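S.K.: Data: model_39.cif, mmCIF, C-alpha atoms.
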data_final
#
loop_
_atom_site.group_PDB
_atom_site.id
_atom_site.type_symbol
_atom_site.label_atom_id
_atom_site.label_comp_id
_atom_site.auth_asym_id
_atom_site.auth_seq_id
_atom_site.Cartn_x
_atom_site.Cartn_y
_atom_site.Cartn_z
ATOM 1 C CA MET A 1 -9.437 -32.959 -6.436
ATOM 2 C CA ALA A 2 -12.898 -34.545 -6.576
ATOM 3 C CA TRP A 3 -14.492 -31.120 -6.213
ATOM 4 C CA LEU A 4 -12.370 -29.705 -9.043
ATOM 5 C CA LYS A 5 -13.290 -32.594 -11.331
ATOM 6 C CA ASP A 6 -17.021 -32.163 -10.689
ATOM 7 C CA PHE A 7 -17.379 -28.421 -10.236
ATOM 8 C CA GLY A 8 -14.121 -26.679 -11.133
ATOM 9 C CA GLU A 9 -14.395 -24.131 -13.929
ATOM 10 C CA PRO A 10 -11.838 -21.955 -15.729
ATOM 11 C CA CYS A 11 -11.486 -18.642 -13.916
ATOM 12 C CA PHE A 12 -9.225 -15.654 -13.498
ATOM 13 C CA PRO A 13 -6.769 -15.624 -10.586
ATOM 14 C CA LEU A 14 -6.901 -12.782 -8.083
ATOM 15 C CA ARG A 15 -6.586 -9.441 -9.799
ATOM 16 C CA GLU A 16 -2.985 -8.819 -8.769
ATOM 17 C CA TYR A 17 -1.853 -12.066 -10.473
ATOM 18 C CA ARG A 18 -3.622 -11.702 -13.824
ATOM 19 C CA GLU A 19 -0.670 -10.374 -15.763
ATOM 20 C CA PHE A 20 1.005 -13.762 -15.182
ATOM 21 C CA THR A 21 -1.768 -15.501 -17.139
ATOM 22 C CA ASP A 22 -1.815 -12.799 -19.839
ATOM 23 C CA TYR A 23 -5.204 -11.804 -18.424
ATOM 24 C CA GLN A 24 -6.648 -15.165 -19.456
ATOM 25 C CA GLN A 25 -8.601 -17.644 -17.351
ATOM 26 C CA SER A 26 -6.780 -20.629 -15.838
ATOM 27 C CA ASP A 27 -7.911 -24.211 -16.449
ATOM 28 C CA PRO A 28 -8.565 -26.263 -13.272
ATOM 29 C CA ALA A 29 -7.170 -29.308 -15.102
ATOM 30 C CA GLU A 30 -3.717 -27.871 -14.453
ATOM 31 C CA GLN A 31 -4.380 -27.824 -10.705
ATOM 32 C CA ILE A 32 -5.789 -31.366 -10.840
ATOM 33 C CA GLY A 33 -2.559 -32.548 -12.465
ATOM 34 C CA SER A 34 -0.522 -30.909 -9.703
ATOM 35 C CA LEU A 35 -2.702 -32.484 -6.998
ATOM 36 C CA GLN A 36 -2.139 -35.903 -8.545
ATOM 37 C CA GLN A 37 1.604 -35.273 -8.337
ATOM 38 C CA PHE A 38 1.249 -34.141 -4.722
ATOM 39 C CA LEU A 39 -0.471 -37.416 -3.827
ATOM 40 C CA GLN A 40 2.542 -39.302 -5.190
ATOM 41 C CA ILE A 41 4.845 -37.674 -2.637
ATOM 42 C CA ALA A 42 2.470 -36.987 0.289
ATOM 43 C CA ARG A 43 3.199 -40.205 2.211
ATOM 44 C CA HIS A 44 6.932 -39.467 2.122
ATOM 45 C CA LEU A 45 6.389 -36.238 4.074
ATOM 46 C CA VAL A 46 5.257 -37.993 7.265
ATOM 47 C CA PRO A 47 8.060 -38.437 9.842
ATOM 48 C CA THR A 48 8.663 -42.116 10.625
ATOM 49 C CA ASN A 49 12.045 -41.927 12.352
ATOM 50 C CA PRO A 50 11.494 -42.556 16.122
ATOM 51 C CA GLU A 51 13.771 -39.600 16.865
ATOM 52 C CA TYR A 52 11.200 -37.284 15.306
ATOM 53 C CA GLN A 53 7.963 -38.783 16.612
ATOM 54 C CA TYR A 54 7.261 -35.565 18.513
ATOM 55 C CA LEU A 55 6.497 -34.010 15.120
ATOM 56 C CA LEU A 56 3.341 -36.144 14.881
ATOM 57 C CA LYS A 57 1.802 -34.759 18.084
ATOM 58 C CA PRO A 58 -1.689 -33.327 17.327
ATOM 59 C CA THR A 59 -1.313 -29.601 17.928
ATOM 60 C CA LEU A 60 -3.814 -26.768 18.241
ATOM 61 C CA ARG A 61 -2.328 -23.394 17.332
ATOM 62 C CA HIS A 62 -3.904 -19.960 17.000
ATOM 63 C CA PRO A 63 -3.982 -19.115 13.265
ATOM 64 C CA ASP A 64 -3.665 -15.329 13.605
ATOM 65 C CA LEU A 65 -1.904 -14.360 16.795
ATOM 66 C CA ASN A 66 -1.564 -10.572 16.667
ATOM 67 C CA PRO A 67 -2.207 -7.790 19.195
ATOM 68 C CA ARG A 68 -5.773 -7.225 17.983
ATOM 69 C CA ASN A 69 -6.689 -10.763 19.041
ATOM 70 C CA ILE A 70 -5.092 -10.693 22.501
ATOM 71 C CA PHE A 71 -7.046 -9.263 25.445
ATOM 72 C CA VAL A 72 -5.294 -8.277 28.660
ATOM 73 C CA ASP A 73 -6.613 -7.188 32.042
ATOM 74 C CA GLU A 74 -5.587 -4.139 34.059
ATOM 75 C CA ASP A 75 -2.493 -6.004 35.286
ATOM 76 C CA LEU A 76 -1.490 -6.738 31.670
ATOM 77 C CA LYS A 77 -2.127 -10.448 32.121
ATOM 78 C CA ILE A 78 -3.675 -12.205 29.127
ATOM 79 C CA SER A 79 -7.364 -12.713 29.802
ATOM 80 C CA SER A 80 -8.501 -14.190 26.475
ATOM 81 C CA LEU A 81 -7.639 -14.856 22.841
ATOM 82 C CA ILE A 82 -10.215 -14.305 20.091
ATOM 83 C CA ASP A 83 -10.530 -15.096 16.366
ATOM 84 C CA TRP A 84 -10.203 -18.880 16.435
ATOM 85 C CA GLN A 85 -12.456 -19.609 13.453
ATOM 86 C CA HIS A 86 -9.692 -20.938 11.178
ATOM 87 C CA CYS A 87 -7.918 -23.077 13.765
ATOM 88 C CA SER A 88 -7.368 -26.815 13.385
ATOM 89 C CA ALA A 89 -5.585 -29.611 15.215
ATOM 90 C CA VAL A 90 -2.942 -31.166 12.959
ATOM 91 C CA PRO A 91 0.485 -32.765 13.482
ATOM 92 C CA LEU A 92 3.125 -30.415 14.847
ATOM 93 C CA PHE A 93 5.273 -30.525 11.702
ATOM 94 C CA LEU A 94 2.401 -28.868 9.807
ATOM 95 C CA GLN A 95 1.566 -26.456 12.634
ATOM 96 C CA ALA A 96 4.860 -25.015 13.862
ATOM 97 C CA GLY A 97 5.378 -21.421 12.823
ATOM 98 C CA VAL A 98 6.076 -17.843 13.798
ATOM 99 C CA PRO A 99 3.115 -15.425 14.040
ATOM 100 C CA ASN A 100 3.315 -12.738 11.358
ATOM 101 C CA THR A 101 3.564 -10.068 14.051
ATOM 102 C CA PHE A 102 6.918 -11.515 15.146
ATOM 103 C CA ALA A 103 8.303 -12.992 11.923
ATOM 104 C CA ASN A 104 11.104 -11.400 9.898
ATOM 105 C CA PHE A 105 12.063 -14.241 7.556
ATOM 106 C CA GLY A 106 13.034 -11.968 4.666
ATOM 107 C CA ASP A 107 16.151 -10.900 6.557
ATOM 108 C CA GLU A 108 19.298 -13.048 6.611
ATOM 109 C CA ASP A 109 20.313 -11.989 10.141
ATOM 110 C CA SER A 110 16.900 -13.073 11.418
ATOM 111 C CA ILE A 111 17.077 -16.383 9.554
ATOM 112 C CA GLN A 112 20.474 -17.060 11.150
ATOM 113 C CA LEU A 113 19.098 -15.966 14.572
ATOM 114 C CA LYS A 114 21.828 -13.386 15.093
ATOM 115 C CA LYS A 115 21.287 -11.226 18.174
ATOM 116 C CA PRO A 116 20.014 -7.867 16.874
ATOM 117 C CA VAL A 117 22.077 -4.719 17.371
ATOM 118 C CA LEU A 118 21.790 -1.194 16.017
ATOM 119 C CA ALA A 119 24.323 -0.235 13.352
ATOM 120 C CA GLN A 120 27.532 1.246 14.793
ATOM 121 C CA GLU A 121 27.153 4.304 12.581
ATOM 122 C CA PHE A 122 23.560 4.888 13.801
ATOM 123 C CA SER A 123 24.310 8.290 15.360
ATOM 124 C CA THR A 124 25.692 9.611 12.059
ATOM 125 C CA LEU A 125 22.668 8.594 9.978
ATOM 126 C CA SER A 126 20.023 10.976 8.727
ATOM 127 C CA GLU A 127 16.708 11.131 10.567
ATOM 128 C CA GLU A 128 15.024 9.070 7.837
ATOM 129 C CA ASP A 129 17.796 6.438 7.832
ATOM 130 C CA GLN A 130 17.675 6.258 11.631
ATOM 131 C CA ALA A 131 13.937 5.568 11.478
ATOM 132 C CA GLN A 132 14.556 2.750 8.985
ATOM 133 C CA ALA A 133 17.363 1.324 11.138
ATOM 134 C CA ILE A 134 15.135 1.378 14.230
ATOM 135 C CA GLU A 135 12.331 -0.374 12.345
ATOM 136 C CA LEU A 136 14.736 -3.080 11.117
ATOM 137 C CA TYR A 137 16.047 -3.502 14.672
ATOM 138 C CA ARG A 138 12.469 -3.808 15.962
ATOM 139 C CA ARG A 139 11.618 -6.559 13.463
ATOM 140 C CA ARG A 140 14.843 -8.441 14.159
ATOM 141 C CA HIS A 141 14.317 -8.061 17.914
ATOM 142 C CA LEU A 142 10.808 -9.534 17.795
ATOM 143 C CA HIS A 143 11.937 -12.436 15.594
ATOM 144 C CA PHE A 144 14.996 -13.236 17.707
ATOM 145 C CA TYR A 145 13.220 -13.171 21.060
ATOM 146 C CA TYR A 146 10.232 -15.120 19.780
ATOM 147 C CA PHE A 147 12.635 -17.982 19.013
ATOM 148 C CA GLY A 148 14.336 -17.442 22.366
ATOM 149 C CA GLY A 149 11.006 -17.664 24.184
ATOM 150 C CA ALA A 150 10.009 -20.758 22.212
ATOM 151 C CA SER A 151 13.326 -22.417 23.060
ATOM 152 C CA LYS A 152 12.824 -21.749 26.774
ATOM 153 C CA PHE A 153 9.086 -22.268 27.222
ATOM 154 C CA ASN A 154 8.050 -24.550 24.333
ATOM 155 C CA ASN A 155 11.140 -26.415 23.221
ATOM 156 C CA VAL A 156 9.233 -28.976 21.120
ATOM 157 C CA HIS A 157 7.815 -26.150 19.043
ATOM 158 C CA TYR A 158 11.270 -24.585 18.781
ATOM 159 C CA LYS A 159 12.824 -27.842 17.542
ATOM 160 C CA ALA A 160 10.119 -28.190 14.891
ATOM 161 C CA LEU A 161 10.657 -24.591 13.785
ATOM 162 C CA ARG A 162 14.386 -25.124 13.341
ATOM 163 C CA LEU A 163 14.074 -28.163 11.062
ATOM 164 C CA PRO A 164 14.877 -27.240 7.424
ATOM 165 C CA SER A 165 12.035 -29.469 6.205
ATOM 166 C CA THR A 166 9.251 -27.737 8.154
ATOM 167 C CA ALA A 167 8.655 -24.770 5.843
ATOM 168 C CA LEU A 168 8.920 -26.965 2.717
ATOM 169 C CA LYS A 169 6.296 -29.418 3.984
ATOM 170 C CA GLN A 170 3.963 -26.689 5.148
ATOM 171 C CA ARG A 171 4.081 -24.822 1.841
ATOM 172 C CA LEU A 172 3.327 -28.031 -0.036
ATOM 173 C CA CYS A 173 0.377 -28.991 2.135
ATOM 174 C CA PHE A 174 -1.011 -25.462 2.330
ATOM 175 C CA ASN A 175 -0.993 -25.017 -1.443
ATOM 176 C CA ALA A 176 -2.436 -28.496 -2.009
ATOM 177 C CA SER A 177 -5.355 -27.810 0.334
ATOM 178 C CA SER A 178 -6.128 -24.220 -0.710
ATOM 179 C CA PRO A 179 -9.397 -23.605 -2.608
ATOM 180 C CA TRP A 180 -9.190 -23.163 -6.375
ATOM 181 C CA GLN A 181 -8.829 -19.456 -7.177
ATOM 182 C CA GLY A 182 -7.480 -19.638 -10.695
ATOM 183 C CA ASN A 183 -3.799 -19.612 -9.728
ATOM 184 C CA PRO A 184 -1.993 -22.948 -10.308
ATOM 185 C CA ILE A 185 1.480 -21.457 -9.793
ATOM 186 C CA PRO A 186 1.995 -21.782 -5.986
ATOM 187 C CA LEU A 187 1.379 -25.544 -5.898
ATOM 188 C CA LYS A 188 3.470 -26.147 -9.022
ATOM 189 C CA ALA A 189 6.344 -24.159 -7.556
ATOM 190 C CA ALA A 190 6.089 -26.024 -4.221
ATOM 191 C CA LEU A 191 6.223 -29.355 -6.055
ATOM 192 C CA MET A 192 9.293 -28.239 -7.971
ATOM 193 C CA ARG A 193 11.018 -27.183 -4.763
ATOM 194 C CA ALA A 194 10.191 -30.627 -3.381
ATOM 195 C CA THR A 195 12.057 -32.315 -6.237
ATOM 196 C CA GLN A 196 15.027 -29.978 -5.729
ATOM 197 C CA ASN A 197 15.149 -30.524 -1.945
ATOM 198 C CA TRP A 198 14.038 -34.141 -1.680
ATOM 199 C CA ASP A 199 16.676 -35.245 0.843
ATOM 200 C CA THR A 200 15.875 -32.305 3.131
ATOM 201 C CA LEU A 201 12.133 -32.769 2.733
ATOM 202 C CA THR A 202 12.245 -36.441 3.764
ATOM 203 C CA ALA A 203 15.079 -36.305 6.320
ATOM 204 C CA GLU A 204 12.774 -37.302 9.217
ATOM 205 C CA SER A 205 11.433 -40.419 7.481
ATOM 206 C CA THR A 206 12.910 -43.899 7.460
ATOM 207 C CA LYS A 207 10.564 -45.027 4.646
ATOM 208 C CA ARG A 208 11.365 -42.395 2.069
ATOM 209 C CA ALA A 209 12.024 -43.097 -1.576
ATOM 210 C CA SER A 210 15.638 -42.552 -2.578
ATOM 211 C CA HIS A 211 14.458 -40.404 -5.474
ATOM 212 C CA CYS A 212 11.490 -38.088 -5.738
ATOM 213 C CA PRO A 213 8.607 -39.908 -7.529
ATOM 214 C CA ILE A 214 7.841 -36.842 -9.660
ATOM 215 C CA SER A 215 10.088 -34.783 -11.912
ATOM 216 C CA PHE A 216 10.140 -31.659 -14.042
ATOM 217 C CA THR A 217 12.344 -30.435 -16.837
ATOM 218 C CA GLU A 218 14.825 -27.685 -16.071
ATOM 219 C CA GLU A 219 12.863 -25.367 -18.343
ATOM 220 C CA GLU A 220 9.597 -26.048 -16.460
ATOM 221 C CA ALA A 221 11.217 -25.522 -13.086
ATOM 222 C CA ALA A 222 12.923 -22.296 -14.144
ATOM 223 C CA ARG A 223 9.706 -20.877 -15.630
ATOM 224 C CA TYR A 224 7.349 -21.667 -12.769
ATOM 225 C CA LEU A 225 9.795 -20.736 -10.021
ATOM 226 C CA ARG A 226 10.408 -17.434 -11.792
ATOM 227 C CA ILE A 227 6.675 -16.723 -11.978
ATOM 228 C CA ASN A 228 6.219 -17.744 -8.328
ATOM 229 C CA ALA A 229 9.003 -15.373 -7.257
ATOM 230 C CA ALA A 230 7.328 -12.607 -9.265
ATOM 231 C CA GLN A 231 4.008 -13.316 -7.546
ATOM 232 C CA ASP A 232 5.716 -13.170 -4.145
ATOM 233 C CA TYR A 233 7.153 -9.796 -5.149
ATOM 234 C CA VAL A 234 3.688 -8.611 -6.164
ATOM 235 C CA ASP A 235 2.359 -9.782 -2.776
ATOM 236 C CA GLU A 236 4.887 -7.521 -1.039
ATOM 237 C CA LYS A 237 3.984 -4.535 -3.202
ATOM 238 C CA VAL A 238 0.237 -5.091 -2.803
ATOM 239 C CA SER A 239 0.720 -5.346 0.964
ATOM 240 C CA LEU A 240 2.500 -1.979 0.967
ATOM 241 C CA LEU A 241 -0.276 -0.451 -1.156
ATOM 242 C CA ARG A 242 -2.905 -1.930 1.147
ATOM 243 C CA ASP A 243 -1.177 -0.374 4.153
ATOM 244 C CA ALA A 244 -0.907 2.973 2.368
ATOM 245 C CA ILE A 245 -4.616 2.946 1.479
ATOM 246 C CA GLY A 246 -5.536 1.716 4.958
ATOM 247 C CA ILE A 247 -7.482 -1.468 4.209
ATOM 248 C CA GLY A 248 -7.277 -5.013 5.529
ATOM 249 C CA GLU A 249 -6.452 -8.120 3.521
ATOM 250 C CA ASP A 250 -10.167 -8.784 3.093
ATOM 251 C CA GLY A 251 -10.841 -5.221 1.892
ATOM 252 C CA TRP A 252 -12.225 -4.062 5.241
ATOM 253 C CA VAL A 253 -11.936 -0.402 6.208
ATOM 254 C CA SER A 254 -13.543 1.434 9.122
ATOM 255 C CA ASN A 255 -16.461 3.770 8.444
ATOM 256 C CA GLU A 256 -14.530 6.829 9.580
ATOM 257 C CA ASN A 257 -11.617 6.051 7.216
ATOM 258 C CA TYR A 258 -13.696 5.002 4.204
ATOM 259 C CA ASP A 259 -13.657 8.311 2.287
ATOM 260 C CA ARG A 260 -9.937 8.774 2.872
ATOM 261 C CA ALA A 261 -9.229 5.202 1.699
ATOM 262 C CA VAL A 262 -11.261 5.713 -1.487
ATOM 263 C CA ALA A 263 -9.404 8.936 -2.258
ATOM 264 C CA GLU A 264 -5.996 7.385 -1.544
ATOM 265 C CA ASN A 265 -6.841 4.383 -3.729
ATOM 266 C CA GLN A 266 -7.650 6.730 -6.618
ATOM 267 C CA ARG A 267 -4.497 8.796 -6.086
ATOM 268 C CA LEU A 268 -2.216 5.750 -6.010
ATOM 269 C CA LYS A 269 -3.884 4.289 -9.067
ATOM 270 C CA GLU A 270 -3.308 7.440 -11.113
ATOM 271 C CA GLU A 271 0.248 7.815 -9.836
ATOM 272 C CA LEU A 272 1.291 4.244 -10.618
ATOM 273 C CA LEU A 273 -0.405 3.997 -14.014
ATOM 274 C CA LYS A 274 0.528 7.366 -15.510
ATOM 275 C CA ASP A 275 3.682 6.290 -17.385
ATOM 276 C CA ILE A 276 2.536 3.084 -19.111
ATOM 277 C CA SER A 277 1.078 2.416 -22.536
ATOM 278 C CA ASP A 278 -2.617 2.896 -23.244
ATOM 279 C CA GLU A 279 -3.125 -0.870 -23.614
ATOM 280 C CA GLU A 280 -1.358 -1.644 -20.344
ATOM 281 C CA ARG A 281 -3.253 1.136 -18.616
ATOM 282 C CA GLN A 282 -6.600 -0.202 -19.824
ATOM 283 C CA LEU A 283 -5.803 -3.716 -18.592
ATOM 284 C CA SER A 284 -4.463 -2.432 -15.280
ATOM 285 C CA LEU A 285 -7.541 -0.304 -14.680
ATOM 286 C CA GLN A 286 -9.803 -3.228 -15.549
ATOM 287 C CA HIS A 287 -8.010 -5.496 -13.070
ATOM 288 C CA TRP A 288 -6.949 -3.014 -10.370
ATOM 289 C CA PRO A 289 -7.004 -5.069 -7.129
ATOM 290 C CA PHE A 290 -8.605 -2.449 -4.855
ATOM 291 C CA ASP A 291 -11.646 -1.449 -6.928
ATOM 292 C CA ASP A 292 -15.175 -2.683 -6.359
ATOM 293 C CA HIS A 293 -16.067 -5.939 -8.103
ATOM 294 C CA THR A 294 -18.697 -8.635 -7.867
ATOM 295 C CA GLU A 295 -18.018 -12.042 -6.328
ATOM 296 C CA ASP A 296 -18.555 -13.821 -9.664
ATOM 297 C CA GLU A 297 -16.360 -11.508 -11.773
ATOM 298 C CA SER A 298 -13.598 -14.158 -11.915
ATOM 299 C CA GLN A 299 -15.732 -16.263 -14.258
#
Could you spell out this file's structure in structure tokens?

M.R.:
Amino acid sequence: MAWLKDFGEPCFPLREYREFTDYQQSDPAEQIGSLQQFLQIARHLVPTNPEYQYLLKPTLRHPDLNPRNIFVDEDLKISSLIDWQHCSAVPLFLQAGVPNTFANFGDEDSIQLKKPVLAQEFSTLSEEDQAQAIELYRRRHLHFYYFGGASKFNNVHYKALRLPSTALKQRLCFNASSPWQGNPIPLKAALMRATQNWDTLTAESTKRASHCPISFTEEEAARYLRINAAQDYVDEKVSLLRDAIGIGEDGWVSNENYDRAVAENQRLKEELLKDISDEERQLSLQHWPFDDHTEDESQ
């Protein structure tokens, strides 16, 4: 908040979010206001009930546990883990989570931890539908057995994962601590969810306020939660486009795949923008997320 007050400047959000600000720059004062609201509720997030003191244990957790960062020897035993540069030691309730490689939280069966099975009618499905069913089974299988392994080998982590408050607290703290990138929506939406789920959010505290110290009108909540849901939807679509083009989240692509990625980016751009108005096309081309741009172009 101090940094924003001294150095924060209006800027565009990431390119994929600019339609939500009508392609206008966002004022950091809006983020400062949200951070002030966060500080009003932050102390209520800390577990104080003796039953939940394990949630305060300082925990070091790998921030990006995926196959690329796991080395194994010839006997398939893990020999080392790499890519620790974003790790930190924080209380367990802010650290517990499922690595993206194993997570399948968008699926209700996975959320309910139902044991995964293939559909009974699998043998009658088309080849394409069978491939989709197998992929869904794979994701559910990884999610289910990650929780099973955590329950057996790291039960404290498992208990923290299963608390309804964990994801709410983590989203709040993550959005409050993220650098200013011209997008005030995620923190606002997290604060609004806090007001709507106050009893759940503070269930592990014996010193909680009976009512959330901050409030929003129904119109504010509806608007910002709607925009946040739209941004989440855009994130999914951009992720699919990124996979189709063959680039990483940071824009990285291997030398041997560079020309193919450039060509695929151009093809997708033309395909997706061919049936929109000239004005929309011009704005979309100007803010297309996968084109070259300078680091200061958000200003």

S.K.: For a test of reading the model, state the distance in Å between CA of Ser123 in chain A and CA of Arg139 in chain A, rounded to one decimal.

M.R.: 19.6 Å

S.K.: Using only C-alpha atoms for the distances, tell me which of A:Gln132, A:Ser215, A:Ser26, A:Ser205 is nearest to Pro50 in chain A.

M.R.: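 Of A:Gln132, A:Ser215, A:Ser26, A:Ser205, the one nearest Pro50 in chain A is A:Ser205, counting only C-alpha atoms.
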
S.K.: For Ile70 in chain A, list every protein, DNA or RNA residue within 10 Å, evaluated using all atoms listed in the file, and leave out those in the same chain fewer than 6 positions away; present the list as a list in words.

M.R.: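 The filter keeps Ile78, Ser79, Ser80, Leu81, Ile82 and Asp83 of chain A.
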
S.K.: Taking all listed atoms of range 107-126 of chain A, build the axis-aligned box, pad each of the six sides by 6 Å, then write its centre and edge lengths in Å to one decimal as lines of an AutoDock Vina configuration file.

M.R.:
center_x = 21.8
center_y = -3.0
center_z = 12.4
size_x = 23.4
size_y = 40.0
size_z = 23.6

S.K.: Looking at A:Leu4, A:Leu201, A:Val262, A:Leu118, which one is nearest to Ala244 in chain A, with distances taken over all atoms listed in the file?

M.R.: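 Ranked by minimum distance to Ala244 in chain A, first place goes to A:Val262.
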
S.K.: Quick one: pull the distance between CA of Pro28 in chain A and CA of Glu9 in chain A, Å, one decimal.

M.R.: 6.2 Å

S.K.: Just say which residues the PyMOL selection byres ((chain A and resi 196) around 12) picks in this file, as a list of chain:residue names.

M.R.: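 For this structure, the PyMOL selection byres ((chain A and resi 196) around 12) resolves to A:Leu168, A:Ala189, A:Ala190, A:Leu191, A:Met192, A:Arg193, A:Ala194, A:Thr195, A:Asn197, A:Trp198, A:Asp199, A:Thr200, A:Leu201, A:Thr202, A:His211, A:Cys212, A:Pro213, A:Ile214, A:Ser215, A:Phe216, A:Thr217, A:Glu218, A:Ala221, A:Ala222, A:Leu225.
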
S.K.: Of the candidates A:Ala96, A:Ser254, A:Gln286, A:Ile185, which one gets nearest to Ala230 in chain A if we count only C-alpha atoms?

M.R.: A:Ile185

S.K.: At a cut-off of 12 Å, using only C-alpha atoms, what residues contact Asp235 in chain A? Leave out same-chain residues fewer than 6 positions from it and give the result as a list in words.

M.R.: Leu14, Arg15, Glu16, Tyr17, Asn228, Ala229, Leu241, Arg242, Glu249 and Pro289 of chain A

S.K.: CA of Arg260 in chain A and CA of Phe290 in chain A are how many Å apart?

M.R.: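 Here the two named atoms are 13.7 Å from each other.
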
S.K.: I'd like the contact shell of Thr101 in chain A - 9 Å cut-off, all atoms listed in the file, skipping same-chain residues fewer than 2 positions apart - returned as a list in words.

M.R.: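 Everything that qualifies: Asp64, Leu65, Asn66, Pro67, Val98, Pro99, Ala103, Asn104, Arg139, Leu142 and His143 of chain A.
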